[in-house]
Amino acid sequence: MALFNYKGRDHIGNEIQGELDAANENAVAQVLSNQHIIATEIVAKKETKVTERKIYSKQKITLDELVMFCRQIHSLIKAGVPTVNAINGLALSSSNPTLKRSLLKLEQTMESGTPLAGALQQQPKIYNNLFVSMVHVGENTGRLDQAFKRLAEYLELERSTRQRIKQATRYPKMVVAAITVAIVIMNMFVIPQFAKLFSRFGSELPLPTRILIATSDFFQHWWWLMLILAVGGIYAFIQYKKTPEGALKWDSLLLKLPV
């Protein structure tokens with residue numbers, strides 16, 4: 001697939017221009033023809049924009065944008081606009097390049113004869129199983145507009161839940177971060193000074209004090225190993241949580257929390 005810039009005119013003569021992902025110029029012309037657009041110019045986009053496209057590919061589609069997409073397509077389908085035309089219109093008006101390319105890909109897949117649910121299923125990183133399943137049910141029952149309305153309501157509830165969780169965990173995160181910084185400072189700078197002072201006494205120190213000094217020595221000499229283990233542990237936990245088994249166990253644990 002390559003990116004093409006095109007210019008053309010619609011059935012009433014208005015000039016239209018935009019971008020399309022397609023295999024070649026003929027594929028672009030075919031897509032435009034299906035939209036009743038007469039192509040006047042089709043040019044392959046130069047690869048000098050690779051850095052810009054990489055940045056765009058990393059731009060995420062937020063929950064707010066998904067909610068707006070569901071609300072808009074619900075209104076368009078309810079008003080009688082064909083689904084393909086509705087998706088094309090939303091793609092051209094989208095300010096998020098990632099969402100724009102996603103919608104254009106949906107449009108092209110649907111024009112090849114694939115149902116909307118099938119087209120959504122080809123982009124699992126953007127549209128999850130619940131999203132695809134609700135659209136599939138909407139298509140089979142002839143109530144696609146209501147399916148998108150329910151999706152918008154669900155995504156709004158999820159957004160509200162995430163915001164409440166962030167607000168509830170903001171203070172504990174700050175406390176944990178402050179305690180971590182305090183422990184590091186104590187072990188790296190404060191306790192070593194006391195250890196030097198105690199060593200001058202020449203007497204045996206109490207066990208808790210010896211444990212504290214030994215911990216400080218470990219921090220000073222093996223801090224790099226602790227840092228590697230901490231980063232590696234966090235990375236391993238994130239990867240494990242992405243697996244079906246890890247996600248099930250983590251979600252089960254969350255459901256058992258008192259909060």
# chains A, B, ... in the order shown; residues from 1 in each chain; ligands from 1

call {"tool": "residues_around", "arguments": {"residues": "A:His36", "least_positions_apart": "6", "cutoff": "12 Å", "atoms": "only C-alpha atoms", "output": "ChimeraX atom specification"}}
result
/A:8-14,16,29-30,85

call {"tool": "write_last_selection", "arguments": {"atoms": "all heavy atoms", "output": "short mmCIF file (atom, residue, chain, number, x, y, z; two decimals), in the first residue's frame"}}
result
data_model
loop_
_atom_site.label_atom_id
_atom_site.label_comp_id
_atom_site.auth_asym_id
_atom_site.auth_seq_id
_atom_site.Cartn_x
_atom_site.Cartn_y
_atom_site.Cartn_z
N GLY A 8 -9.76 16.10 -7.83
CA GLY A 8 -10.85 15.71 -8.69
C GLY A 8 -12.04 16.62 -8.54
O GLY A 8 -12.00 17.61 -7.80
N ARG A 9 -13.11 16.28 -9.25
CA ARG A 9 -14.34 17.08 -9.17
C ARG A 9 -15.53 16.14 -8.99
O ARG A 9 -15.57 15.06 -9.57
CB ARG A 9 -14.53 17.94 -10.43
CG ARG A 9 -13.46 19.01 -10.59
CD ARG A 9 -13.74 19.97 -11.72
NE ARG A 9 -12.71 20.99 -11.82
CZ ARG A 9 -12.69 22.11 -11.10
NH1 ARG A 9 -13.68 22.35 -10.23
NH2 ARG A 9 -11.72 22.98 -11.26
N ASP A 10 -16.48 16.61 -8.15
CA ASP A 10 -17.67 15.78 -7.92
C ASP A 10 -18.70 16.01 -9.02
O ASP A 10 -18.42 16.70 -10.02
CB ASP A 10 -18.25 16.06 -6.53
CG ASP A 10 -18.66 17.52 -6.36
OD1 ASP A 10 -18.76 18.24 -7.38
OD2 ASP A 10 -18.87 17.95 -5.21
N HIS A 11 -19.90 15.45 -8.83
CA HIS A 11 -20.91 15.48 -9.89
C HIS A 11 -21.45 16.88 -10.18
O HIS A 11 -22.06 17.11 -11.23
CB HIS A 11 -22.07 14.54 -9.54
CG HIS A 11 -22.82 14.97 -8.32
ND1 HIS A 11 -22.30 14.80 -7.05
CD2 HIS A 11 -24.04 15.56 -8.16
CE1 HIS A 11 -23.18 15.26 -6.17
NE2 HIS A 11 -24.24 15.72 -6.81
N ILE A 12 -21.23 17.82 -9.25
CA ILE A 12 -21.70 19.20 -9.51
C ILE A 12 -20.52 20.13 -9.82
O ILE A 12 -20.70 21.34 -9.92
CB ILE A 12 -22.51 19.75 -8.31
CG1 ILE A 12 -21.65 19.74 -7.04
CG2 ILE A 12 -23.77 18.95 -8.11
CD1 ILE A 12 -22.39 20.38 -5.85
N GLY A 13 -19.33 19.58 -9.97
CA GLY A 13 -18.19 20.37 -10.41
C GLY A 13 -17.31 20.93 -9.33
O GLY A 13 -16.34 21.64 -9.63
N ASN A 14 -17.61 20.64 -8.06
CA ASN A 14 -16.77 21.17 -6.97
C ASN A 14 -15.43 20.43 -6.95
O ASN A 14 -15.37 19.22 -7.11
CB ASN A 14 -17.47 20.99 -5.62
CG ASN A 14 -18.71 21.85 -5.52
OD1 ASN A 14 -18.77 22.94 -6.08
ND2 ASN A 14 -19.73 21.35 -4.83
N ILE A 16 -12.28 18.72 -5.37
CA ILE A 16 -12.05 17.91 -4.15
C ILE A 16 -10.61 17.42 -4.19
O ILE A 16 -10.10 17.03 -5.26
CB ILE A 16 -13.02 16.72 -4.09
CG1 ILE A 16 -14.46 17.20 -4.00
CG2 ILE A 16 -12.70 15.82 -2.90
CD1 ILE A 16 -15.48 16.08 -4.07
N ALA A 29 -8.11 5.63 -8.54
CA ALA A 29 -9.12 6.08 -9.50
C ALA A 29 -10.42 5.30 -9.34
O ALA A 29 -11.52 5.87 -9.45
CB ALA A 29 -8.59 5.94 -10.92
N GLN A 30 -10.32 4.00 -9.06
CA GLN A 30 -11.52 3.17 -8.88
C GLN A 30 -12.29 3.59 -7.64
O GLN A 30 -13.53 3.69 -7.67
CB GLN A 30 -11.12 1.70 -8.77
CG GLN A 30 -12.29 0.74 -8.64
CD GLN A 30 -13.20 0.77 -9.86
OE1 GLN A 30 -12.72 0.80 -11.00
NE2 GLN A 30 -14.51 0.78 -9.64
N ASN A 85 -20.30 6.19 2.66
CA ASN A 85 -20.20 7.65 2.50
C ASN A 85 -20.01 8.34 3.84
O ASN A 85 -19.27 9.33 3.95
CB ASN A 85 -21.46 8.18 1.81
CG ASN A 85 -21.58 7.70 0.38
OD1 ASN A 85 -20.61 7.16 -0.17
ND2 ASN A 85 -22.73 7.88 -0.22
#

call {"tool": "select_by_dssp", "arguments": {"residues": "stretch 3-248 of chain A", "states": "helix (DSSP H, G or I)", "output": "ChimeraX atom specification"}}
result
/A:25-34,47-58,63-78,83-93,97-111,116-121,129-141,144-199,207-242,244-248

call {"tool": "closest_residue", "arguments": {"among": "A:Leu157, A:Ile61, A:Leu229, A:Ile77", "to": "A:Arg143", "atoms": "only C-alpha atoms"}}
result
A:Ile77

call {"tool": "residues_around", "arguments": {"residues": "stretch 129-137 of chain A", "least_positions_apart": "6", "cutoff": "12 Å", "atoms": "only C-alpha atoms", "output": "ChimeraX atom specification"}}
result
/A:66-67,70,73-74,83,114-123,143-155

call {"tool": "write_last_selection", "arguments": {"atoms": "N, CA and C atoms", "output": "PDB file, in the first residue's frame"}}
result
ATOM      1  N   LEU A  66     -13.012   8.334  19.776  1.00  0.00           N
ATOM      2  CA  LEU A  66     -13.879   7.192  19.462  1.00  0.00           C
ATOM      3  C   LEU A  66     -15.337   7.486  19.792  1.00  0.00           C
ATOM      4  N   VAL A  67     -15.557   8.158  20.926  1.00  0.00           N
ATOM      5  CA  VAL A  67     -16.923   8.541  21.298  1.00  0.00           C
ATOM      6  C   VAL A  67     -17.509   9.473  20.243  1.00  0.00           C
ATOM      7  N   CYS A  70     -18.392   7.531  17.088  1.00  0.00           N
ATOM      8  CA  CYS A  70     -19.628   6.748  17.236  1.00  0.00           C
ATOM      9  C   CYS A  70     -20.853   7.665  17.201  1.00  0.00           C
ATOM     10  N   ILE A  73     -21.280   8.946  13.440  1.00  0.00           N
ATOM     11  CA  ILE A  73     -21.747   7.951  12.477  1.00  0.00           C
ATOM     12  C   ILE A  73     -23.165   7.488  12.821  1.00  0.00           C
ATOM     13  N   HIS A  74     -23.517   7.506  14.122  1.00  0.00           N
ATOM     14  CA  HIS A  74     -24.903   7.207  14.521  1.00  0.00           C
ATOM     15  C   HIS A  74     -25.864   8.210  13.899  1.00  0.00           C
ATOM     16  N   THR A  83     -23.433   3.951   4.801  1.00  0.00           N
ATOM     17  CA  THR A  83     -22.340   3.781   5.757  1.00  0.00           C
ATOM     18  C   THR A  83     -20.989   4.141   5.152  1.00  0.00           C
ATOM     19  N   THR A 114     -16.556  -6.313   1.928  1.00  0.00           N
ATOM     20  CA  THR A 114     -16.491  -6.784   3.311  1.00  0.00           C
ATOM     21  C   THR A 114     -17.470  -5.997   4.176  1.00  0.00           C
ATOM     22  N   PRO A 115     -18.238  -6.653   5.046  1.00  0.00           N
ATOM     23  CA  PRO A 115     -19.130  -5.917   5.952  1.00  0.00           C
ATOM     24  C   PRO A 115     -18.318  -5.022   6.893  1.00  0.00           C
ATOM     25  N   LEU A 116     -18.996  -4.061   7.504  1.00  0.00           N
ATOM     26  CA  LEU A 116     -18.316  -3.118   8.394  1.00  0.00           C
ATOM     27  C   LEU A 116     -17.656  -3.838   9.563  1.00  0.00           C
ATOM     28  N   ALA A 117     -18.356  -4.823  10.145  1.00  0.00           N
ATOM     29  CA  ALA A 117     -17.783  -5.555  11.274  1.00  0.00           C
ATOM     30  C   ALA A 117     -16.502  -6.276  10.866  1.00  0.00           C
ATOM     31  N   GLY A 118     -16.500  -6.854   9.674  1.00  0.00           N
ATOM     32  CA  GLY A 118     -15.305  -7.526   9.181  1.00  0.00           C
ATOM     33  C   GLY A 118     -14.156  -6.560   8.942  1.00  0.00           C
ATOM     34  N   ALA A 119     -14.504  -5.367   8.444  1.00  0.00           N
ATOM     35  CA  ALA A 119     -13.466  -4.350   8.226  1.00  0.00           C
ATOM     36  C   ALA A 119     -12.882  -3.869   9.552  1.00  0.00           C
ATOM     37  N   LEU A 120     -13.743  -3.707  10.553  1.00  0.00           N
ATOM     38  CA  LEU A 120     -13.269  -3.294  11.879  1.00  0.00           C
ATOM     39  C   LEU A 120     -12.381  -4.367  12.496  1.00  0.00           C
ATOM     40  N   GLN A 121     -12.712  -5.623  12.256  1.00  0.00           N
ATOM     41  CA  GLN A 121     -11.959  -6.741  12.845  1.00  0.00           C
ATOM     42  C   GLN A 121     -10.529  -6.797  12.320  1.00  0.00           C
ATOM     43  N   GLN A 122     -10.278  -6.189  11.172  1.00  0.00           N
ATOM     44  CA  GLN A 122      -8.938  -6.171  10.609  1.00  0.00           C
ATOM     45  C   GLN A 122      -8.032  -5.145  11.298  1.00  0.00           C
ATOM     46  N   GLN A 123      -8.598  -4.361  12.209  1.00  0.00           N
ATOM     47  CA  GLN A 123      -7.804  -3.366  12.936  1.00  0.00           C
ATOM     48  C   GLN A 123      -8.012  -3.563  14.445  1.00  0.00           C
ATOM     49  N   ARG A 143     -30.099  -2.476  12.771  1.00  0.00           N
ATOM     50  CA  ARG A 143     -30.119  -1.349  13.718  1.00  0.00           C
ATOM     51  C   ARG A 143     -28.686  -0.886  13.996  1.00  0.00           C
ATOM     52  N   LEU A 144     -27.970  -0.623  12.910  1.00  0.00           N
ATOM     53  CA  LEU A 144     -26.569  -0.225  13.038  1.00  0.00           C
ATOM     54  C   LEU A 144     -26.436   1.120  13.750  1.00  0.00           C
ATOM     55  N   ASP A 145     -27.391   2.021  13.501  1.00  0.00           N
ATOM     56  CA  ASP A 145     -27.327   3.331  14.170  1.00  0.00           C
ATOM     57  C   ASP A 145     -27.450   3.176  15.683  1.00  0.00           C
ATOM     58  N   GLN A 146     -28.319   2.273  16.140  1.00  0.00           N
ATOM     59  CA  GLN A 146     -28.473   2.050  17.579  1.00  0.00           C
ATOM     60  C   GLN A 146     -27.237   1.374  18.176  1.00  0.00           C
ATOM     61  N   ALA A 147     -26.576   0.524  17.374  1.00  0.00           N
ATOM     62  CA  ALA A 147     -25.357  -0.124  17.854  1.00  0.00           C
ATOM     63  C   ALA A 147     -24.285   0.913  18.143  1.00  0.00           C
ATOM     64  N   PHE A 148     -24.141   1.892  17.248  1.00  0.00           N
ATOM     65  CA  PHE A 148     -23.144   2.942  17.477  1.00  0.00           C
ATOM     66  C   PHE A 148     -23.549   3.863  18.627  1.00  0.00           C
ATOM     67  N   LYS A 149     -24.833   4.050  18.817  1.00  0.00           N
ATOM     68  CA  LYS A 149     -25.288   4.843  19.953  1.00  0.00           C
ATOM     69  C   LYS A 149     -24.928   4.148  21.270  1.00  0.00           C
ATOM     70  N   ARG A 150     -25.172   2.823  21.327  1.00  0.00           N
ATOM     71  CA  ARG A 150     -24.818   2.062  22.537  1.00  0.00           C
ATOM     72  C   ARG A 150     -23.307   2.064  22.759  1.00  0.00           C
ATOM     73  N   LEU A 151     -22.540   1.973  21.669  1.00  0.00           N
ATOM     74  CA  LEU A 151     -21.086   2.012  21.790  1.00  0.00           C
ATOM     75  C   LEU A 151     -20.617   3.349  22.355  1.00  0.00           C
ATOM     76  N   ALA A 152     -21.224   4.429  21.889  1.00  0.00           N
ATOM     77  CA  ALA A 152     -20.860   5.755  22.400  1.00  0.00           C
ATOM     78  C   ALA A 152     -21.149   5.851  23.894  1.00  0.00           C
ATOM     79  N   GLU A 153     -22.304   5.325  24.305  1.00  0.00           N
ATOM     80  CA  GLU A 153     -22.651   5.360  25.731  1.00  0.00           C
ATOM     81  C   GLU A 153     -21.689   4.519  26.554  1.00  0.00           C
ATOM     82  N   TYR A 154     -21.311   3.345  26.028  1.00  0.00           N
ATOM     83  CA  TYR A 154     -20.366   2.479  26.743  1.00  0.00           C
ATOM     84  C   TYR A 154     -18.995   3.145  26.860  1.00  0.00           C
ATOM     85  N   LEU A 155     -18.518   3.737  25.758  1.00  0.00           N
ATOM     86  CA  LEU A 155     -17.202   4.382  25.778  1.00  0.00           C
ATOM     87  C   LEU A 155     -17.190   5.602  26.699  1.00  0.00           C
TER      88      LEU A 155
END

call {"tool": "atom_distance", "arguments": {"atom1": "atom CA of A:Ser93", "atom2": "atom CA of A:Lys60"}}
result
17.1 Å

call {"tool": "atom_distance", "arguments": {"atom1": "atom CA of A:Leu104", "atom2": "atom CA of A:Asn88"}}
result
6.5 Å

call {"tool": "closest_residue", "arguments": {"among": "A:Ile234, A:Val31, A:Ile213, A:Ala22", "to": "A:Phe189", "atoms": "only C-alpha atoms"}}
result
A:Ile213

call {"tool": "closest_residue", "arguments": {"among": "A:Gln35, A:Pro124, A:Asn140, A:Thr209", "to": "A:Ile87", "atoms": "only C-alpha atoms"}}
result
A:Gln35

call {"tool": "atom_distance", "arguments": {"atom1": "atom CA of A:Gly233", "atom2": "atom CA of A:Gln59"}}
result
26.8 Å

call {"tool": "residues_around", "arguments": {"residues": "A:Phe194", "least_positions_apart": "5", "cutoff": "12 Å", "atoms": "only C-alpha atoms", "output": "PyMOL selection string"}}
result
chain A and resi 186-189+199-201+205+209-210+212-213+216

call {"tool": "closest_residue", "arguments": {"among": "A:Leu20, A:Val190, A:Ala195, A:Ala27", "to": "A:Ser112", "atoms": "only C-alpha atoms"}}
result
A:Ala27
